[in-house]
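See below for input.txt, which holds compact mmCIF, C-alpha atoms.
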```txt
# COMPACT_ATOMS: atom_id res chain seq x y z
CA MET A 29 157.36 -100.07 -130.16
CA ALA A 30 158.59 -96.55 -130.79
CA SER A 31 156.23 -93.58 -130.63
CA GLU A 32 156.18 -90.24 -132.39
CA VAL A 33 154.20 -87.58 -130.53
CA LEU A 34 152.89 -84.48 -132.28
CA LEU A 35 151.31 -81.98 -129.90
CA TRP A 36 148.28 -79.97 -131.02
CA PRO A 37 148.02 -81.31 -134.59
CA GLN A 38 145.16 -78.84 -135.26
CA GLY A 39 146.86 -75.89 -133.56
CA GLU A 40 147.63 -75.15 -129.93
CA MET A 41 144.77 -74.08 -127.73
CA PRO A 42 145.40 -70.53 -126.45
CA ALA A 43 146.39 -70.30 -122.78
CA ALA A 44 143.70 -67.67 -122.23
CA LEU A 45 140.91 -69.98 -123.48
CA LYS A 46 139.10 -71.29 -120.40
CA ASP A 47 136.61 -73.66 -122.00
CA TRP A 48 138.23 -76.70 -123.59
CA ASP A 49 137.25 -77.20 -127.20
CA ASP A 50 137.19 -80.35 -129.35
CA ARG A 51 140.65 -80.14 -130.89
CA PRO A 52 142.93 -83.14 -130.16
CA VAL A 53 145.77 -82.57 -127.71
CA ALA A 54 148.22 -84.88 -129.47
CA ARG A 55 148.63 -87.37 -132.29
CA ILE A 56 150.67 -90.44 -131.35
CA THR A 57 152.08 -92.60 -134.13
CA LEU A 58 153.38 -96.04 -133.14
CA LYS A 59 156.24 -97.49 -135.13
CA PRO A 60 158.42 -100.60 -134.97
CA GLY A 61 161.61 -100.30 -132.98
CA GLY A 62 162.43 -98.24 -129.92
CA GLN A 63 164.09 -99.23 -126.65
CA PRO A 64 162.26 -100.34 -123.48
CA ASP A 65 162.34 -97.68 -120.78
CA PRO A 66 163.44 -99.05 -117.38
CA LEU A 67 160.77 -96.98 -115.63
CA PHE A 68 158.00 -98.76 -117.55
CA ALA A 69 158.26 -101.55 -114.97
CA GLN A 70 156.83 -99.10 -112.39
CA VAL A 71 153.67 -98.17 -114.34
CA LEU A 72 151.31 -100.58 -112.56
CA LEU A 73 153.02 -100.00 -109.19
CA ARG A 74 152.74 -96.19 -109.20
CA ARG A 75 150.62 -94.80 -106.37
CA THR A 76 149.70 -91.33 -105.09
CA PRO A 77 149.88 -91.40 -101.26
CA LYS A 78 147.06 -89.22 -99.91
CA THR A 79 148.05 -89.91 -96.32
CA ASP A 80 150.49 -88.54 -93.75
CA PHE A 81 154.14 -89.46 -94.25
CA ASP A 82 156.41 -91.14 -91.72
CA THR A 83 158.14 -88.26 -89.91
CA THR A 84 160.76 -90.61 -88.43
CA ARG A 85 162.25 -91.27 -91.87
CA ALA A 86 164.09 -88.45 -93.59
CA ILE A 87 164.64 -88.34 -97.35
CA ALA A 88 168.38 -88.57 -97.93
CA PRO A 89 169.91 -85.91 -100.24
CA GLY A 90 171.18 -88.70 -102.48
CA VAL A 91 167.65 -90.06 -102.93
CA LEU A 92 166.42 -86.57 -103.85
CA ALA A 93 169.25 -86.29 -106.39
CA GLN A 94 168.19 -89.59 -107.98
CA LEU A 95 164.60 -88.42 -108.12
CA LEU A 96 165.48 -85.12 -109.77
CA GLY A 97 167.95 -86.80 -112.11
CA SER A 98 165.23 -89.07 -113.53
CA ALA A 99 163.70 -86.18 -115.47
CA PRO A 100 165.07 -85.81 -119.00
CA ALA A 101 165.76 -82.34 -120.34
CA GLU A 102 162.43 -80.84 -121.41
CA ALA A 103 163.54 -77.32 -122.32
CA PRO A 104 162.51 -74.81 -121.16
CA LEU A 105 161.21 -76.72 -118.12
CA ARG A 106 163.30 -77.14 -114.97
CA VAL A 107 163.05 -79.51 -111.99
CA GLY A 108 164.04 -78.73 -108.44
CA GLY A 109 163.51 -79.83 -104.88
CA THR A 110 164.71 -79.76 -101.30
CA VAL A 111 164.97 -81.94 -98.21
CA SER A 112 166.81 -79.26 -96.26
CA ALA A 113 165.71 -78.82 -92.65
CA ASP A 114 166.19 -75.07 -93.11
CA GLN A 115 163.69 -74.86 -95.97
CA LEU A 116 161.03 -77.39 -94.98
CA PRO A 117 159.19 -75.35 -92.28
CA ALA A 118 158.34 -72.48 -94.65
CA LEU A 119 157.21 -74.85 -97.41
CA ARG A 120 155.09 -76.92 -95.02
CA THR A 121 153.44 -73.75 -93.73
CA LEU A 122 152.80 -72.61 -97.30
CA CYS A 123 151.08 -75.94 -98.06
CA TRP A 124 148.83 -75.76 -95.01
CA GLU A 125 147.89 -72.09 -95.39
CA SER A 126 147.11 -72.43 -99.10
CA ALA A 127 145.09 -75.60 -98.44
CA ARG A 128 143.04 -73.66 -95.87
CA VAL A 129 142.25 -71.03 -98.50
CA GLU A 130 140.97 -73.68 -100.91
CA LEU A 131 138.91 -75.38 -98.20
CA LEU A 132 137.42 -72.12 -96.88
CA THR A 133 136.54 -70.64 -100.30
CA PRO A 134 133.05 -72.00 -101.05
CA ARG A 135 133.32 -72.25 -104.84
CA THR A 136 136.70 -74.04 -104.77
CA MET A 137 135.56 -76.35 -101.99
CA MET A 138 132.48 -77.19 -104.06
CA GLU A 139 134.70 -78.22 -106.98
CA SER A 140 136.12 -80.97 -104.76
CA ILE A 141 132.76 -81.94 -103.31
CA GLN A 142 131.21 -82.33 -106.76
CA LEU A 143 134.05 -84.64 -107.76
CA THR A 144 133.82 -86.78 -104.63
CA ARG A 145 132.97 -90.42 -105.34
CA VAL A 146 131.59 -92.42 -102.41
CA GLY A 147 131.51 -96.21 -102.37
CA PRO A 148 132.49 -98.85 -104.96
CA GLY A 149 129.59 -98.09 -107.32
CA GLU A 150 130.39 -94.40 -107.81
CA ILE A 151 134.12 -95.01 -107.88
CA LEU A 152 133.78 -97.65 -110.60
CA GLN A 153 131.32 -95.54 -112.59
CA HIS A 154 133.45 -92.37 -112.71
CA ARG A 155 137.05 -93.46 -111.97
CA ASP A 156 138.13 -89.89 -111.34
CA GLY A 157 137.94 -87.23 -108.66
CA ILE A 158 138.26 -88.01 -104.94
CA SER A 159 137.52 -91.61 -103.99
CA ILE A 160 136.11 -92.29 -100.51
CA ASN A 161 135.35 -95.86 -99.52
CA SER A 162 135.40 -95.77 -95.73
CA PRO A 163 132.47 -97.53 -94.01
CA PHE A 164 131.51 -94.42 -92.01
CA VAL A 165 131.21 -92.09 -95.00
CA ARG A 166 129.42 -94.75 -97.04
CA ALA A 167 126.89 -95.18 -94.23
CA VAL A 168 126.36 -91.44 -93.87
CA ASP A 169 125.89 -91.12 -97.64
CA ALA A 170 123.44 -94.06 -97.72
CA LEU A 171 121.34 -92.32 -95.05
CA GLY A 172 121.24 -89.13 -97.15
CA MET A 173 123.28 -87.21 -94.61
CA PHE A 174 126.28 -86.49 -96.83
CA ASP A 175 125.31 -83.13 -98.32
CA ARG A 176 127.02 -82.44 -101.66
CA THR A 177 125.12 -79.23 -102.39
CA GLN A 178 127.11 -76.94 -100.13
CA PRO A 179 130.44 -76.81 -98.29
CA PRO A 180 130.53 -78.47 -94.86
CA ALA A 181 129.58 -76.18 -92.01
CA GLU A 182 132.43 -74.87 -89.88
CA GLY A 183 132.85 -77.12 -86.87
CA SER A 184 131.06 -80.09 -88.46
CA ALA A 185 132.64 -83.55 -88.61
CA ALA A 186 133.23 -83.20 -92.36
CA TYR A 187 134.84 -79.79 -91.87
CA LYS A 188 137.17 -81.07 -89.14
CA SER A 189 138.04 -84.15 -91.19
CA ALA A 190 139.03 -82.12 -94.27
CA MET A 191 141.05 -79.63 -92.24
CA GLY A 192 142.81 -82.35 -90.29
CA ARG A 193 143.65 -84.32 -93.41
CA PHE A 194 145.29 -81.42 -95.22
CA GLU A 195 147.10 -80.18 -92.14
CA GLY A 196 148.54 -83.65 -91.62
CA HIS A 197 149.63 -83.90 -95.25
CA SER A 198 151.36 -80.53 -94.98
CA ARG A 199 153.05 -80.99 -91.61
CA THR A 200 154.46 -84.44 -92.44
CA ALA A 201 156.08 -83.49 -95.76
CA MET A 202 159.69 -84.69 -95.58
CA GLY A 203 160.74 -82.83 -98.71
CA PHE A 204 159.38 -81.11 -101.79
CA VAL A 205 159.94 -81.32 -105.53
CA TRP A 206 158.72 -78.94 -108.21
CA ILE A 207 158.67 -78.29 -111.95
CA THR A 208 158.96 -74.75 -113.29
CA GLY A 209 158.75 -73.21 -116.74
CA PRO A 210 156.57 -71.16 -119.11
CA ASN A 211 152.80 -71.63 -119.00
CA THR A 212 151.77 -72.29 -122.60
CA ARG A 213 149.47 -75.23 -123.30
CA SER A 214 152.37 -77.24 -124.75
CA ASP A 215 154.46 -76.54 -121.66
CA GLN A 216 151.60 -77.73 -119.47
CA ILE A 217 151.53 -81.07 -121.31
CA ARG A 218 155.31 -81.43 -121.13
CA THR A 219 155.06 -80.72 -117.41
CA GLY A 220 152.52 -83.51 -116.99
CA ARG A 221 154.75 -85.97 -118.82
CA LEU A 222 157.73 -84.90 -116.74
CA TYR A 223 155.74 -85.25 -113.52
CA VAL A 224 154.62 -88.80 -114.33
CA ARG A 225 158.18 -89.82 -115.12
CA GLN A 226 159.34 -88.36 -111.83
CA GLN A 227 156.65 -90.23 -109.94
CA LEU A 228 157.65 -93.49 -111.64
CA GLN A 229 161.21 -92.89 -110.40
CA ALA A 230 159.87 -92.14 -106.92
CA THR A 231 158.06 -95.49 -107.06
CA ALA A 232 161.30 -97.24 -107.98
CA LEU A 233 162.99 -95.55 -105.00
CA GLY A 234 160.17 -96.43 -102.58
CA VAL A 235 159.35 -92.75 -102.06
CA GLY A 236 155.83 -91.32 -101.94
CA MET A 237 155.13 -88.27 -104.12
CA HIS A 238 151.88 -86.33 -103.72
CA PRO A 239 150.91 -83.05 -105.48
CA MET A 240 150.08 -80.18 -103.13
CA SER A 241 148.94 -77.81 -105.83
CA GLN A 242 146.84 -75.35 -103.85
CA ALA A 243 149.43 -72.54 -103.83
CA VAL A 244 149.91 -72.64 -107.61
CA GLN A 245 146.22 -72.17 -108.35
CA GLU A 246 145.29 -68.86 -109.92
CA PHE A 247 142.20 -67.45 -108.23
CA ALA A 248 141.86 -64.20 -106.32
CA GLU A 249 141.78 -65.57 -102.78
CA MET A 250 144.97 -67.58 -103.42
CA ALA A 251 146.98 -64.62 -104.78
CA PRO A 252 149.20 -64.06 -101.70
CA HIS A 253 150.21 -67.73 -101.60
CA PHE A 254 150.68 -67.85 -105.38
CA GLU A 255 153.13 -64.99 -104.96
CA HIS A 256 154.80 -66.65 -101.97
CA VAL A 257 155.42 -70.01 -103.68
CA HIS A 258 157.21 -68.23 -106.52
CA GLN A 259 159.36 -66.30 -104.07
CA LEU A 260 160.27 -69.47 -102.17
CA VAL A 261 160.92 -71.66 -105.22
CA LEU A 262 162.13 -69.24 -107.89
CA GLY A 263 163.24 -66.30 -105.78
CA ARG A 264 161.27 -63.92 -107.98
CA PRO A 265 157.76 -62.44 -108.29
CA ALA A 266 154.91 -64.49 -109.71
CA PRO A 267 154.68 -64.37 -113.54
CA ARG A 268 152.52 -61.86 -115.37
CA THR A 269 152.55 -63.55 -118.82
CA PRO A 270 152.43 -67.22 -120.01
CA GLN A 271 156.00 -66.89 -121.29
CA GLU A 272 157.49 -66.15 -117.85
CA PRO A 273 158.59 -69.04 -115.62
CA THR A 274 155.88 -70.26 -113.26
CA VAL A 275 155.67 -73.08 -110.73
CA GLN A 276 153.85 -75.75 -112.75
CA MET A 277 153.94 -78.61 -110.23
CA PHE A 278 154.59 -78.58 -106.49
CA CYS A 279 154.65 -81.91 -104.63
CA ARG A 280 155.46 -83.17 -101.17
CA ILE A 281 157.60 -86.29 -100.79
CA GLY A 282 158.16 -88.75 -97.96
CA TYR A 283 157.85 -92.39 -97.00
CA PRO A 284 154.24 -93.62 -96.75
CA GLN A 285 153.02 -95.38 -93.65
CA GLY A 286 151.55 -98.68 -94.74
CA GLU A 287 150.20 -99.77 -98.10
CA VAL A 288 148.93 -97.12 -100.52
CA PRO A 289 145.85 -98.22 -102.53
CA ALA A 290 145.70 -97.89 -106.30
CA THR A 291 143.76 -94.99 -107.77
CA PRO A 292 140.94 -95.99 -110.18
CA ARG A 293 141.85 -95.48 -113.83
CA ARG A 294 139.56 -94.62 -116.72
CA PRO A 295 139.50 -96.95 -119.75
CA LEU A 296 141.90 -95.82 -122.47
CA ALA A 297 139.03 -95.56 -124.95
CA ARG A 298 137.53 -92.71 -122.90
CA PHE A 299 140.20 -90.28 -124.03
CA VAL A 300 142.13 -91.93 -126.88
CA GLN A 301 140.78 -92.47 -130.39
CA ALA A 302 142.40 -94.95 -132.76
```
The structure in this file should be written as structure tokens.
Amino acid sequence: MASEVLLWPQGEMPAALKDWDDRPVARITLKPGGQPDPLFAQVLLRRTPKTDFDTTRAIAPGVLAQLLGSAPAEAPLRVGGTVSADQLPALRTLCWESARVELLTPRTMMESIQLTRVGPGEILQHRDGISINSPFVRAVDALGMFDRTQPPAEGSAAYKSAMGRFEGHSRTAMGFVWITGPNTRSDQIRTGRLYVRQQLQATALGVGMHPMSQAVQEFAEMAPHFEHVHQLVLGRPAPRTPQEPTVQMFCRIGYPQGEVPATPRRPLARFVQA
């Protein structure tokens, strides 16, 4: 089947509008014809590795070139990346320091806590957010000791676990890829489509690709890191208008250690109307 995609059939939602309204994002018309995309074979195999990468296995420059070359031209978006030993330390540090800001800012930490799903029942019910299915956390939650009303206290087991997890993710990044471009609502959707295609190519190459989006978030406490990521990636100050290039996606890449579990998916009917 071929598809014809019309973005924002009832008009594009303004970038400044914070609360999502009821207008449809896209109208997709299916038609006979079209050519199978080779990357479609990776759809059910795609995984997001939320674990440390294998630091004994470097990403070869040729593999990075294949990954970046998988993205079709989506003007005015651009893809980029690096596996250079000269650039990785600064980018790893950026990831860790920006993750610390998110974890230590109560309201942003609470956003993650409120979207945490513990155990098979919650995971199956919601199929979104942060899935945790380890026996220890499930037991703590069953005993009513997993407090979701406030951020974990500094020094607590939950605090140390979150810090350790994000530090490990940051320090073991064996490369980075990014997507840059204007920040209109249409550009945000095109970025998402481009990202998924890139991750399908990463799957085909056996490479793990995991968003580390903390530094590109736009809240006051993150401002220094938001500025820094634009200097490192674009070599210019952070944008002041939606039309200026911004870092839309920022992901670490590497080879996962062991099997990566599938992320729960919502039924298509939850967000698509026939």
Per residue of segment 148-169 of chain A within 12 Å of segment 69-91 of chain A, note the shortest atom pair and the distance in Å to one decimal, counting all atoms listed in the file, and order the rows by chain and increasing residue number, as JSON lines.
```
{"residue": "A:Ile158", "atom": "CA", "partner": "A:Lys78", "partner_atom": "CA", "distance": 10.2}
{"residue": "A:Ser159", "atom": "CA", "partner": "A:Lys78", "partner_atom": "CA", "distance": 10.6}
{"residue": "A:Ile160", "atom": "CA", "partner": "A:Lys78", "partner_atom": "CA", "distance": 11.4}
```
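Shell of Leu34 of chain A at 10 Å, with only C-alpha atoms counted and residues fewer than 4 places along the chain excluded, is Val53, Ala54, Arg55, Ile56 and Thr57 of chain A.
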ask   = Which residue out of A:Lys46, A:His253, A:His238, A:Arg264 has the minimum interatomic distance to Phe194 of chain A when only C-alpha atoms are used?
value = A:His238
key: Point (162.2, -89.9, -113.5) neighbourhood (9 Å, only C-alpha atoms) written as number ranges by chain   = A: 67, 94-100, 222-230
Straight-line distance linking atom CA of Gln142 of chain A with atom CA of Asp156 of chain A, stated in Å to one decimal = 11.2 Å
Spatial neighbours of Asn211 of chain A, max dist 7 Å, only C-alpha atoms, sep filter under 5 positions, as a short mmCIF file (atom, residue, chain, number, x, y, z; two decimals) with C-alpha atoms, keeping the file's coordinate frame:
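The resulting file, part-v6.cif, is reproduced below:
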```cif
data_model
loop_
_atom_site.label_atom_id
_atom_site.label_comp_id
_atom_site.auth_asym_id
_atom_site.auth_seq_id
_atom_site.Cartn_x
_atom_site.Cartn_y
_atom_site.Cartn_z
CA GLN A 216 151.60 -77.73 -119.47
CA PRO A 270 152.43 -67.22 -120.01
CA GLN A 271 156.00 -66.89 -121.29
CA THR A 274 155.88 -70.26 -113.26
#
```
inquiry  = What's around Ala251 of chain A at 12 Å? Count only C-alpha atoms, leave out sequence neighbours fewer than 2 positions away in its own chain, and write the answer as a list in words.
reply    = Ser126, Val129, Glu130, Gln242, Ala243, Val244, Gln245, Glu246, Phe247, Ala248, Glu249, His253, Phe254, Glu255, His256, Val257, His258, Pro265, Ala266 and Pro267 of chain A
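Picture a line from atom CA of Pro292 of chain A to atom CA of Thr144 of chain A; it runs 12.9 Å.
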